>>> print(open('run.pdb').read())   # PDB, C-alpha atoms (C1' of nucleotides)
MODEL        1
ATOM      1  CA  MET N   1     -12.890  -4.928 -25.436
ATOM      2  CA  SER N   2     -12.442  -3.896 -29.082
ATOM      3  CA  ASP N   3     -15.068  -1.187 -28.537
ATOM      4  CA  LEU N   4     -12.746   0.057 -25.820
ATOM      5  CA  LEU N   5      -9.907   0.251 -28.353
ATOM      6  CA  GLU N   6     -12.250   2.121 -30.704
ATOM      7  CA  ARG N   7     -13.185   4.585 -27.963
ATOM      8  CA  LEU N   8      -9.552   5.179 -27.153
ATOM      9  CA  ARG N   9      -8.573   5.680 -30.766
ATOM     10  CA  GLY N  10     -11.379   8.215 -31.010
ATOM     11  CA  ARG N  11      -9.741  10.061 -28.159
ATOM     12  CA  GLY N  12      -6.439  10.319 -29.999
ATOM     13  CA  TRP N  13      -4.755   7.271 -28.518
ATOM     14  CA  ARG N  14      -1.956   5.949 -30.679
ATOM     15  CA  LEU N  15      -2.719   2.261 -31.060
ATOM     16  CA  THR N  16       0.393   0.195 -30.374
ATOM     17  CA  ALA N  17       0.802  -3.558 -30.011
ATOM     18  CA  GLN N  18       1.655  -3.067 -26.326
ATOM     19  CA  ARG N  19      -1.493  -1.096 -25.558
ATOM     20  CA  ARG N  20      -3.590  -3.602 -27.456
ATOM     21  CA  VAL N  21      -2.370  -6.614 -25.428
ATOM     22  CA  VAL N  22      -2.775  -4.757 -22.137
ATOM     23  CA  ALA N  23      -6.370  -3.941 -23.064
ATOM     24  CA  GLU N  24      -6.988  -7.543 -24.129
ATOM     25  CA  VAL N  25      -5.535  -8.955 -20.907
ATOM     26  CA  LEU N  26      -7.969  -6.808 -18.920
ATOM     27  CA  ASP N  27     -11.029  -8.078 -20.759
ATOM     28  CA  GLY N  28     -13.685  -9.980 -18.785
ATOM     29  CA  ASP N  29     -15.823  -9.915 -15.657
ATOM     30  CA  HIS N  30     -14.532  -9.946 -12.083
ATOM     31  CA  VAL N  31     -11.016  -9.263 -13.374
ATOM     32  CA  HIS N  32      -8.783  -7.692 -10.722
ATOM     33  CA  LEU N  33      -5.185  -8.187 -11.773
ATOM     34  CA  THR N  34      -2.088  -6.583 -10.293
ATOM     35  CA  ALA N  35       0.268  -4.696 -12.597
ATOM     36  CA  ASP N  36       2.717  -7.596 -12.457
ATOM     37  CA  GLU N  37      -0.009 -10.090 -13.354
ATOM     38  CA  VAL N  38      -1.009  -7.904 -16.295
ATOM     39  CA  HIS N  39       2.633  -7.747 -17.302
ATOM     40  CA  ALA N  40       3.055 -11.543 -17.095
ATOM     41  CA  ARG N  41      -0.033 -12.198 -19.214
ATOM     42  CA  ALA N  42       0.839  -9.494 -21.704
ATOM     43  CA  ALA N  43       4.382 -10.855 -21.996
ATOM     44  CA  ALA N  44       2.957 -14.274 -22.914
ATOM     45  CA  ARG N  45       1.653 -12.672 -26.094
ATOM     46  CA  LEU N  46       4.278  -9.976 -26.615
ATOM     47  CA  PRO N  47       7.474 -11.106 -24.852
ATOM     48  CA  GLU N  48       9.374  -7.849 -25.142
ATOM     49  CA  ILE N  49       6.788  -5.657 -23.406
ATOM     50  CA  SER N  50       8.310  -3.797 -20.460
ATOM     51  CA  ARG N  51       6.974  -3.260 -16.968
ATOM     52  CA  ALA N  52       7.201   0.503 -17.476
ATOM     53  CA  THR N  53       4.867   0.318 -20.467
ATOM     54  CA  VAL N  54       2.368  -1.766 -18.517
ATOM     55  CA  TYR N  55       2.396   0.823 -15.722
ATOM     56  CA  ASN N  56       2.084   3.670 -18.232
ATOM     57  CA  THR N  57      -0.808   2.035 -20.043
ATOM     58  CA  LEU N  58      -2.666   1.106 -16.870
ATOM     59  CA  GLY N  59      -2.221   4.653 -15.583
ATOM     60  CA  GLU N  60      -3.636   6.067 -18.817
ATOM     61  CA  LEU N  61      -6.602   3.712 -18.776
ATOM     62  CA  VAL N  62      -7.298   4.803 -15.201
ATOM     63  CA  SER N  63      -7.126   8.508 -15.969
ATOM     64  CA  LEU N  64      -9.349   8.003 -19.018
ATOM     65  CA  GLY N  65     -11.891   6.353 -16.706
ATOM     66  CA  GLU N  66     -11.769   3.012 -18.531
ATOM     67  CA  VAL N  67     -10.239   1.073 -15.626
ATOM     68  CA  ILE N  68     -10.532   1.460 -11.844
ATOM     69  CA  GLU N  69      -7.745   1.000  -9.320
ATOM     70  CA  VAL N  70      -8.678  -1.064  -6.280
ATOM     71  CA  SER N  71      -6.511  -1.877  -3.301
ATOM     72  CA  THR N  72      -7.919  -5.017  -1.754
ATOM     73  CA  ASP N  73      -4.950  -5.910   0.424
ATOM     74  CA  ARG N  74      -1.878  -4.074   1.630
ATOM     75  CA  ARG N  75       0.166  -5.367  -1.269
ATOM     76  CA  ALA N  76      -0.166  -4.396  -4.919
ATOM     77  CA  MET N  77      -2.844  -2.236  -6.489
ATOM     78  CA  ARG N  78      -5.325  -4.130  -8.683
ATOM     79  CA  TYR N  79      -6.898  -3.022 -11.971
ATOM     80  CA  ASP N  80     -10.613  -3.517 -12.613
ATOM     81  CA  PRO N  81     -11.940  -3.023 -16.165
ATOM     82  CA  ASN N  82     -15.560  -2.874 -14.950
ATOM     83  CA  ALA N  83     -15.481   0.933 -14.886
ATOM     84  CA  HIS N  84     -18.824   1.842 -16.395
ATOM     85  CA  ARG N  85     -21.139   0.161 -13.872
ATOM     86  CA  PRO N  86     -20.847   1.489 -10.307
ATOM     87  CA  HIS N  87     -20.011  -1.327  -7.896
ATOM     88  CA  GLN N  88     -18.171  -2.276  -4.742
ATOM     89  CA  HIS N  89     -15.862  -5.193  -3.869
ATOM     90  CA  LEU N  90     -16.142  -8.386  -1.873
ATOM     91  CA  VAL N  91     -12.770  -9.860  -0.901
ATOM     92  CA  CYS N  92     -11.876 -13.296   0.485
ATOM     93  CA  GLY N  93      -9.502 -12.757   3.403
ATOM     94  CA  LYS N  94      -7.805 -16.105   2.808
ATOM     95  CA  CYS N  95      -7.223 -16.580  -0.916
ATOM     96  CA  GLY N  96      -7.688 -12.979  -2.027
ATOM     97  CA  LEU N  97     -10.503 -13.699  -4.520
ATOM     98  CA  VAL N  98     -12.340 -10.476  -5.436
ATOM     99  CA  ARG N  99     -15.914 -10.212  -6.728
ATOM    100  CA  ASP N 100     -17.704  -7.125  -7.982
ATOM    101  CA  VAL N 101     -20.904  -6.544  -5.995
ATOM    102  CA  ARG N 102     -23.763  -4.052  -6.029
ATOM    103  CA  PRO N 103     -25.172  -3.148  -2.609
ATOM    104  CA  VAL N 104     -28.650  -1.649  -2.475
ATOM    105  CA  GLY N 105     -28.955   2.110  -2.007
ATOM    106  CA  ASP N 106     -26.364   4.864  -2.160
ATOM    107  CA  PRO N 107     -23.733   4.636   0.586
ATOM    108  CA  LEU N 108     -23.442   8.437   0.694
ATOM    109  CA  THR N 109     -26.961   8.809   2.063
ATOM    110  CA  ASP N 110     -25.954   6.748   5.105
ATOM    111  CA  LEU N 111     -23.586   9.451   6.302
ATOM    112  CA  PRO N 112     -25.638  11.976   8.299
ATOM    113  CA  GLU N 113     -24.956  15.692   8.020
ATOM    114  CA  GLY N 114     -23.547  15.800  11.532
ATOM    115  CA  GLU N 115     -20.899  13.262  10.555
ATOM    116  CA  ARG N 116     -19.657  15.069   7.463
ATOM    117  CA  PHE N 117     -17.399  17.626   9.181
ATOM    118  CA  GLY N 118     -18.220  20.170   6.488
ATOM    119  CA  PHE N 119     -16.751  17.995   3.733
ATOM    120  CA  THR N 120     -18.081  18.088   0.171
ATOM    121  CA  LEU N 121     -18.632  14.397  -0.538
ATOM    122  CA  SER N 122     -17.787  12.942  -3.919
ATOM    123  CA  GLY N 123     -18.124   9.200  -3.428
ATOM    124  CA  ALA N 124     -17.710   6.185  -1.209
ATOM    125  CA  GLU N 125     -15.805   2.988  -1.634
ATOM    126  CA  ILE N 126     -16.885  -0.142   0.227
ATOM    127  CA  THR N 127     -14.832  -3.279   0.711
ATOM    128  CA  TYR N 128     -16.772  -6.210   2.112
ATOM    129  CA  HIS N 129     -14.579  -8.796   3.825
ATOM    130  CA  GLY N 130     -15.306 -12.472   4.291
ATOM    131  CA  LEU N 131     -14.435 -15.978   3.168
ATOM    132  CA  CYS N 132     -15.258 -17.362  -0.248
ATOM    133  CA  PRO N 133     -17.169 -20.667  -0.381
ATOM    134  CA  SER N 134     -14.114 -22.837  -0.992
ATOM    135  CA  CYS N 135     -11.996 -21.153   1.739
ATOM    136  CA  ALA N 136     -14.899 -21.249   4.224
ATOM    137  CA  SER N 137     -15.230 -25.033   3.807
ATOM    138  CA  ASP N 138     -11.554 -25.741   4.668
TER     139      ASP N 138
ATOM    140  CA  MET X   1      -3.671   6.156  26.953
ATOM    141  CA  SER X   2      -2.218   4.986  30.272
ATOM    142  CA  ASP X   3      -5.182   2.623  30.641
ATOM    143  CA  LEU X   4      -3.994   1.126  27.349
ATOM    144  CA  LEU X   5      -0.539   0.587  28.843
ATOM    145  CA  GLU X   6      -2.188  -1.044  31.879
ATOM    146  CA  ARG X   7      -4.224  -3.358  29.653
ATOM    147  CA  LEU X   8      -1.141  -4.344  27.722
ATOM    148  CA  ARG X   9       0.882  -4.992  30.872
ATOM    149  CA  GLY X  10      -1.946  -7.220  32.066
ATOM    150  CA  ARG X  11      -1.498  -9.195  28.866
ATOM    151  CA  GLY X  12       2.155  -9.850  29.583
ATOM    152  CA  TRP X  13       3.614  -6.982  27.590
ATOM    153  CA  ARG X  14       7.077  -5.989  28.695
ATOM    154  CA  LEU X  15       6.864  -2.247  29.226
ATOM    155  CA  THR X  16       9.786  -0.514  27.524
ATOM    156  CA  ALA X  17      10.467   3.165  26.963
ATOM    157  CA  GLN X  18      10.034   2.629  23.200
ATOM    158  CA  ARG X  19       6.613   1.035  23.499
ATOM    159  CA  ARG X  20       5.540   3.729  25.914
ATOM    160  CA  VAL X  21       6.373   6.600  23.532
ATOM    161  CA  VAL X  22       4.732   4.846  20.572
ATOM    162  CA  ALA X  23       1.542   4.420  22.620
ATOM    163  CA  GLU X  24       1.722   8.075  23.734
ATOM    164  CA  VAL X  25       2.203   9.341  20.180
ATOM    165  CA  LEU X  26      -0.948   7.505  19.108
ATOM    166  CA  ASP X  27      -3.108   9.101  21.804
ATOM    167  CA  GLY X  28      -6.024  11.298  20.734
ATOM    168  CA  ASP X  29      -9.035  11.524  18.445
ATOM    169  CA  HIS X  30      -8.929  11.464  14.634
ATOM    170  CA  VAL X  31      -5.288  10.360  14.765
ATOM    171  CA  HIS X  32      -4.210   8.560  11.565
ATOM    172  CA  LEU X  33      -0.437   8.660  11.417
ATOM    173  CA  THR X  34       1.827   6.738   9.076
ATOM    174  CA  ALA X  35       4.559   4.556  10.569
ATOM    175  CA  ASP X  36       7.146   7.156   9.579
ATOM    176  CA  GLU X  37       5.143   9.932  11.228
ATOM    177  CA  VAL X  38       4.881   7.853  14.384
ATOM    178  CA  HIS X  39       8.619   7.271  14.183
ATOM    179  CA  ALA X  40       9.363  10.991  13.768
ATOM    180  CA  ARG X  41       7.186  11.967  16.734
ATOM    181  CA  ALA X  42       8.508   9.160  18.892
ATOM    182  CA  ALA X  43      12.083  10.118  18.009
ATOM    183  CA  ALA X  44      11.414  13.645  19.240
ATOM    184  CA  ARG X  45      11.020  12.166  22.732
ATOM    185  CA  LEU X  46      13.387   9.195  22.449
ATOM    186  CA  PRO X  47      15.945   9.968  19.720
ATOM    187  CA  GLU X  48      17.492   6.510  19.477
ATOM    188  CA  ILE X  49      14.233   4.665  18.716
ATOM    189  CA  SER X  50      14.519   2.676  15.498
ATOM    190  CA  ARG X  51      12.094   2.327  12.623
ATOM    191  CA  ALA X  52      12.050  -1.442  13.121
ATOM    192  CA  THR X  53      10.821  -1.031  16.699
ATOM    193  CA  VAL X  54       8.083   1.353  15.594
ATOM    194  CA  TYR X  55       6.925  -1.189  12.994
ATOM    195  CA  ASN X  56       7.119  -4.027  15.543
ATOM    196  CA  THR X  57       5.146  -2.095  18.145
ATOM    197  CA  LEU X  58       2.492  -0.925  15.695
ATOM    198  CA  GLY X  59       2.121  -4.492  14.441
ATOM    199  CA  GLU X  60       1.650  -5.774  17.982
ATOM    200  CA  LEU X  61      -0.887  -3.090  18.811
ATOM    201  CA  VAL X  62      -2.794  -4.048  15.680
ATOM    202  CA  SER X  63      -2.809  -7.766  16.451
ATOM    203  CA  LEU X  64      -3.866  -7.042  20.038
ATOM    204  CA  GLY X  65      -6.812  -5.096  18.608
ATOM    205  CA  GLU X  66      -5.756  -1.801  20.197
ATOM    206  CA  VAL X  67      -5.016  -0.013  16.916
ATOM    207  CA  ILE X  68      -6.532  -0.327  13.434
ATOM    208  CA  GLU X  69      -4.644  -0.165  10.144
ATOM    209  CA  VAL X  70      -6.254   2.040   7.500
ATOM    210  CA  SER X  71      -5.059   2.649   3.981
ATOM    211  CA  THR X  72      -6.544   5.948   2.881
ATOM    212  CA  ASP X  73      -4.349   6.515  -0.152
ATOM    213  CA  ARG X  74      -2.037   4.386  -2.249
ATOM    214  CA  ARG X  75       0.931   5.382  -0.152
ATOM    215  CA  ALA X  76       1.692   4.392   3.423
ATOM    216  CA  MET X  77      -0.572   2.524   5.832
ATOM    217  CA  ARG X  78      -1.995   4.665   8.657
ATOM    218  CA  TYR X  79      -2.563   3.711  12.292
ATOM    219  CA  ASP X  80      -5.813   4.613  14.057
ATOM    220  CA  PRO X  81      -5.980   4.234  17.846
ATOM    221  CA  ASN X  82      -9.787   4.519  17.845
ATOM    222  CA  ALA X  83     -10.164   0.723  17.860
ATOM    223  CA  HIS X  84     -12.936   0.185  20.380
ATOM    224  CA  ARG X  85     -15.699   2.148  18.660
ATOM    225  CA  PRO X  86     -16.720   0.871  15.206
ATOM    226  CA  HIS X  87     -16.381   3.604  12.606
ATOM    227  CA  GLN X  88     -15.543   4.403   8.997
ATOM    228  CA  HIS X  89     -13.302   7.056   7.396
ATOM    229  CA  LEU X  90     -13.839  10.281   5.514
ATOM    230  CA  VAL X  91     -10.799  11.367   3.488
ATOM    231  CA  CYS X  92     -10.003  14.691   1.824
ATOM    232  CA  GLY X  93      -8.743  13.940  -1.676
ATOM    233  CA  LYS X  94      -6.589  17.053  -1.729
ATOM    234  CA  CYS X  95      -4.805  17.402   1.617
ATOM    235  CA  GLY X  96      -5.308  13.857   2.887
ATOM    236  CA  LEU X  97      -7.098  14.859   6.118
ATOM    237  CA  VAL X  98      -8.904  11.865   7.646
ATOM    238  CA  ARG X  99     -11.893  11.987  10.025
ATOM    239  CA  ASP X 100     -13.535   9.094  11.829
ATOM    240  CA  VAL X 101     -17.232   8.931  10.966
ATOM    241  CA  ARG X 102     -20.207   6.776  11.940
ATOM    242  CA  PRO X 103     -22.716   6.109   9.166
ATOM    243  CA  VAL X 104     -26.216   5.022  10.162
ATOM    244  CA  GLY X 105     -27.077   1.346   9.891
ATOM    245  CA  ASP X 106     -24.898  -1.684   9.289
ATOM    246  CA  PRO X 107     -23.260  -1.724   5.846
ATOM    247  CA  LEU X 108     -23.456  -5.532   5.712
ATOM    248  CA  THR X 109     -27.238  -5.460   5.549
ATOM    249  CA  ASP X 110     -27.007  -3.483   2.292
ATOM    250  CA  LEU X 111     -25.484  -6.429   0.455
ATOM    251  CA  PRO X 112     -28.339  -8.658  -0.736
ATOM    252  CA  GLU X 113     -28.034 -12.436  -0.613
ATOM    253  CA  GLY X 114     -27.855 -12.611  -4.402
ATOM    254  CA  GLU X 115     -24.740 -10.407  -4.355
ATOM    255  CA  ARG X 116     -22.804 -12.422  -1.781
ATOM    256  CA  PHE X 117     -21.510 -15.198  -4.091
ATOM    257  CA  GLY X 118     -21.724 -17.691  -1.242
ATOM    258  CA  PHE X 119     -19.215 -15.749   0.858
ATOM    259  CA  THR X 120     -19.356 -15.767   4.660
ATOM    260  CA  LEU X 121     -19.210 -12.043   5.451
ATOM    261  CA  SER X 122     -17.184 -10.763   8.366
ATOM    262  CA  GLY X 123     -17.216  -7.004   7.945
ATOM    263  CA  ALA X 124     -17.184  -3.999   5.657
ATOM    264  CA  GLU X 125     -14.902  -1.043   5.402
ATOM    265  CA  ILE X 126     -16.133   2.218   3.926
ATOM    266  CA  THR X 127     -13.993   5.102   2.748
ATOM    267  CA  TYR X 128     -15.930   8.277   1.976
ATOM    268  CA  HIS X 129     -14.112  10.602  -0.401
ATOM    269  CA  GLY X 130     -14.516  14.353  -0.690
ATOM    270  CA  LEU X 131     -12.948  17.708   0.031
ATOM    271  CA  CYS X 132     -12.485  19.116   3.504
ATOM    272  CA  PRO X 133     -13.868  22.629   4.167
ATOM    273  CA  SER X 134     -10.540  24.399   3.730
ATOM    274  CA  CYS X 135      -9.615  22.556   0.516
ATOM    275  CA  ALA X 136     -13.123  23.046  -0.911
ATOM    276  CA  SER X 137     -12.847  26.818  -0.492
ATOM    277  CA  ASP X 138      -9.614  27.095  -2.500
TER     278      ASP X 138
ATOM    279  C1'  DT C   1      19.935  -5.525  45.976
ATOM    280  C1'  DT C   2      22.026  -8.122  42.363
ATOM    281  C1'  DC C   3      21.661 -11.793  39.010
ATOM    282  C1'  DT C   4      19.705 -14.038  35.085
ATOM    283  C1'  DT C   5      17.397 -14.746  31.052
ATOM    284  C1'  DG C   6      14.309 -14.487  27.479
ATOM    285  C1'  DA C   7      12.008 -10.883  25.397
ATOM    286  C1'  DC C   8      13.017  -6.468  23.177
ATOM    287  C1'  DT C   9      15.688  -3.201  20.309
ATOM    288  C1'  DT C  10      18.930  -1.903  16.838
ATOM    289  C1'  DG C  11      20.846  -0.707  12.255
ATOM    290  C1'  DG C  12      21.589  -2.188   8.113
ATOM    291  C1'  DA C  13      20.625  -5.117   4.330
ATOM    292  C1'  DC C  14      16.920  -6.672   1.725
ATOM    293  C1'  DT C  15      12.263  -7.035  -0.862
ATOM    294  C1'  DG C  16       8.341  -5.595  -3.629
ATOM    295  C1'  DA C  17       5.712  -2.138  -5.804
ATOM    296  C1'  DG C  18       5.982   1.630  -8.356
ATOM    297  C1'  DT C  19       8.344   5.908 -10.664
ATOM    298  C1'  DC C  20      11.668   8.257 -13.547
ATOM    299  C1'  DC C  21      14.554   9.117 -17.402
ATOM    300  C1'  DA C  22      17.600   9.284 -21.469
ATOM    301  C1'  DA C  23      18.001   6.687 -25.498
ATOM    302  C1'  DT C  24      15.624   4.282 -29.058
ATOM    303  C1'  DG C  25      11.646   2.865 -31.827
ATOM    304  C1'  DT C  26       7.359   3.578 -34.465
ATOM    305  C1'  DA C  27       2.187   4.955 -35.674
ATOM    306  C1'  DG C  28       0.044   7.484 -38.568
ATOM    307  C1'  DG C  29      -0.501  12.028 -40.855
ATOM    308  C1'  DA C  30       1.663  14.940 -44.762
TER     309       DA C  30
ATOM    310  C1'  DT A   1       7.834   7.209 -48.291
ATOM    311  C1'  DC A   2       9.249  10.356 -44.834
ATOM    312  C1'  DC A   3       8.928  12.816 -40.576
ATOM    313  C1'  DT A   4       8.238  13.591 -35.999
ATOM    314  C1'  DA A   5       5.761  13.648 -31.926
ATOM    315  C1'  DC A   6       4.447  10.238 -29.170
ATOM    316  C1'  DA A   7       5.392   5.568 -27.197
ATOM    317  C1'  DT A   8       8.544   2.023 -25.426
ATOM    318  C1'  DT A   9      12.570   0.284 -23.153
ATOM    319  C1'  DG A  10      15.615  -1.190 -19.339
ATOM    320  C1'  DG A  11      17.876   0.104 -15.684
ATOM    321  C1'  DA A  12      18.473   3.043 -11.799
ATOM    322  C1'  DC A  13      15.962   4.906  -8.196
ATOM    323  C1'  DT A  14      12.433   5.739  -4.287
ATOM    324  C1'  DC A  15       9.484   4.545  -0.754
ATOM    325  C1'  DA A  16       7.178   1.473   2.502
ATOM    326  C1'  DG A  17       7.881  -2.306   4.880
ATOM    327  C1'  DT A  18      10.393  -6.835   6.446
ATOM    328  C1'  DC A  19      14.184  -9.568   8.193
ATOM    329  C1'  DC A  20      18.032 -10.761  10.949
ATOM    330  C1'  DA A  21      22.161 -11.348  13.906
ATOM    331  C1'  DA A  22      24.062  -8.978  17.640
ATOM    332  C1'  DG A  23      23.516  -6.304  21.603
ATOM    333  C1'  DT A  24      20.426  -4.543  25.472
ATOM    334  C1'  DC A  25      17.415  -4.551  29.334
ATOM    335  C1'  DA A  26      12.717  -5.370  32.134
ATOM    336  C1'  DA A  27      11.265  -7.759  35.604
ATOM    337  C1'  DG A  28      11.033 -12.063  38.213
ATOM    338  C1'  DA A  29      14.180 -15.008  41.272
ATOM    339  C1'  DA A  30      17.258 -15.347  44.956
TER     340       DA A  30
ENDMDL
END
>>> encode(input="run.pdb", output="structure tokens")
Amino acid sequence: MSDLLERLRGRGWRLTAQRRVVAEVLDGDHVHLTADEVHARAAARLPEISRATVYNTLGELVSLGEVIEVSTDRRAMRYDPNAHRPHQHLVCGKCGLVRDVRPVGDPLTDLPEGERFGFTLSGAEITYHGLCPSCASD
Amino acid sequence: MSDLLERLRGRGWRLTAQRRVVAEVLDGDHVHLTADEVHARAAARLPEISRATVYNTLGELVSLGEVIEVSTDRRAMRYDPNAHRPHQHLVCGKCGLVRDVRPVGDPLTDLPEGERFGFTLSGAEITYHGLCPSCASD
DNA sequence: TTCTTGACTTGGACTGAGTCCAATGTAGGA
DNA sequence: TCCTACATTGGACTCAGTCCAAGTCAAGAA
């Protein structure tokens, strides 16, 4: 994640303690935290960090293309740092576990011309639903 | 939509004026209204209908499988009465227009065994993003 | 037809997620 | 070291949705 901080500094980001802990909290694979979860983990390292700053920082990371927003349920938005490798999401309908997955092929090619209603397509987002191994065995 | 009302009555639904107008408002193709839009249109016919009743009725229609919830943006949930024909959604990123579309093939078959993490899959939801013809020409 | 009752509706308070803003603090260049 | 434009703060606010106690009414019973 420190290469991320380098990239951001190269883009004129002012490097504050708050931004650093938010970036650190988001490090890892299959990470899909809500803003409040990010805030709780960041506050464990930097107790005075505010919710507003977490929202600001997450929003900046999203608009810089370093983090992706995913809505896996009808509750809070989740933040996915795996932004540089195209992927989709697999969600457990019981416990909410989210995995990053890579289906074969390009989903856009599955939408025939006659079903495009004249739209200019820019992308497709797939959410696979199911039960994770431990929820399926209950 | 009156066949819907018949089906529901057959399932023991008490047929009230409020439920009738909500069902009528949801009639049609490519209908994807928010709860507040449903409430506004229902209130045009039945001014005293409450938001709570609209939410209750939409929730019942969803759990009876007569209406599908779709979240096309990060704002309000939308309600799609096209529940008996499997389909996906195509969303204009500028004006928010939503069309029902039918891609070829079954999206589940595009997720290889090695990408399923032991999950038991139950379905997949695809949102195609793009610009509608009138927004693309601006 | 009227009666009865349990299901339905209501409005208002409440929650959770997210935004906004004026005041305060500070990173990093001069 | 100083300056200042940018970042942070906390609290008020919005918006979507839920909850609940009190009142209403659809439809079966008589």
>>> interface_residues(input="run.pdb", of="chain X", to="chain A", cutoff="9 Å", atoms="only C-alpha atoms (C1' of nucleotides)", output="MDAnalysis selection string")
chainID X and resid 14:16 52 55 75:77
>>> resolve_selection(input="run.pdb", expression="the PyMOL selection byres ((chain C) within 9 of (chain X))", output="list in words")
DA7, DC8, DT9, DT10 and DG11 of chain C
>>> write_last_selection(input="run.pdb", atoms="C-alpha atoms (C1' of nucleotides)", output="PDB file, in the frame of the given file")
ATOM      1  C1'  DA C   7      12.008 -10.883  25.397  1.00  0.00           C
ATOM      2  C1'  DC C   8      13.017  -6.468  23.177  1.00  0.00           C
ATOM      3  C1'  DT C   9      15.688  -3.201  20.309  1.00  0.00           C
ATOM      4  C1'  DT C  10      18.930  -1.903  16.838  1.00  0.00           C
ATOM      5  C1'  DG C  11      20.846  -0.707  12.255  1.00  0.00           C
TER       6       DG C  11
END
>>> residues_near_point(input="run.pdb", point="(7.7, 10.1, 13.1)", cutoff="12 Å", atoms="all atoms listed in the file", output="PDB file with C-alpha atoms, in the coordinates of the input")
ATOM      1  CA  VAL X  21       6.373   6.600  23.532  1.00  0.00           C
ATOM      2  CA  VAL X  22       4.732   4.846  20.572  1.00  0.00           C
ATOM      3  CA  VAL X  25       2.203   9.341  20.180  1.00  0.00           C
ATOM      4  CA  LEU X  26      -0.948   7.505  19.108  1.00  0.00           C
ATOM      5  CA  LEU X  33      -0.437   8.660  11.417  1.00  0.00           C
ATOM      6  CA  THR X  34       1.827   6.738   9.076  1.00  0.00           C
ATOM      7  CA  ALA X  35       4.559   4.556  10.569  1.00  0.00           C
ATOM      8  CA  ASP X  36       7.146   7.156   9.579  1.00  0.00           C
ATOM      9  CA  GLU X  37       5.143   9.932  11.228  1.00  0.00           C
ATOM     10  CA  VAL X  38       4.881   7.853  14.384  1.00  0.00           C
ATOM     11  CA  HIS X  39       8.619   7.271  14.183  1.00  0.00           C
ATOM     12  CA  ALA X  40       9.363  10.991  13.768  1.00  0.00           C
ATOM     13  CA  ARG X  41       7.186  11.967  16.734  1.00  0.00           C
ATOM     14  CA  ALA X  42       8.508   9.160  18.892  1.00  0.00           C
ATOM     15  CA  ALA X  43      12.083  10.118  18.009  1.00  0.00           C
ATOM     16  CA  ALA X  44      11.414  13.645  19.240  1.00  0.00           C
ATOM     17  CA  ARG X  45      11.020  12.166  22.732  1.00  0.00           C
ATOM     18  CA  LEU X  46      13.387   9.195  22.449  1.00  0.00           C
ATOM     19  CA  PRO X  47      15.945   9.968  19.720  1.00  0.00           C
ATOM     20  CA  ILE X  49      14.233   4.665  18.716  1.00  0.00           C
ATOM     21  CA  SER X  50      14.519   2.676  15.498  1.00  0.00           C
ATOM     22  CA  ARG X  51      12.094   2.327  12.623  1.00  0.00           C
ATOM     23  CA  VAL X  54       8.083   1.353  15.594  1.00  0.00           C
ATOM     24  CA  TYR X  55       6.925  -1.189  12.994  1.00  0.00           C
ATOM     25  CA  ARG X  78      -1.995   4.665   8.657  1.00  0.00           C
TER      26      ARG X  78
END
>>> resolve_selection(input="run.pdb", expression="the PyMOL selection byres ((chain N) within 6 of (chain X))", output="list in words")
Val101, Pro103, Val104, Asp110, Leu111, Glu115, Gly118, Phe119, Thr120, Leu121, Ser122, Gly123, Ala124, Glu125, Ile126, Thr127, Tyr128, His129, Gly130, Leu131, Cys132 and Pro133 of chain N
>>> atom_distance(input="run.pdb", atom1="CA of Leu8 in chain N", atom2="CA of Leu61 in chain N")
9.0 Å
>>> atom_distance(input="run.pdb", atom1="CA of Asp29 in chain N", atom2="CA of Leu97 in chain N")
12.9 Å
>>> axis_aligned_box(input="run.pdb", around="range 36-47 of chain N", padding_each_side="6 Å", output="JSON")
{"center_x": 3.2, "center_y": -10.9, "center_z": -19.5, "size_x": 20.5, "size_y": 18.7, "size_z": 26.2}
>>> atom_distance(input="run.pdb", atom1="CA of Gly10 in chain N", atom2="CA of Asp27 in chain N")
19.3 Å
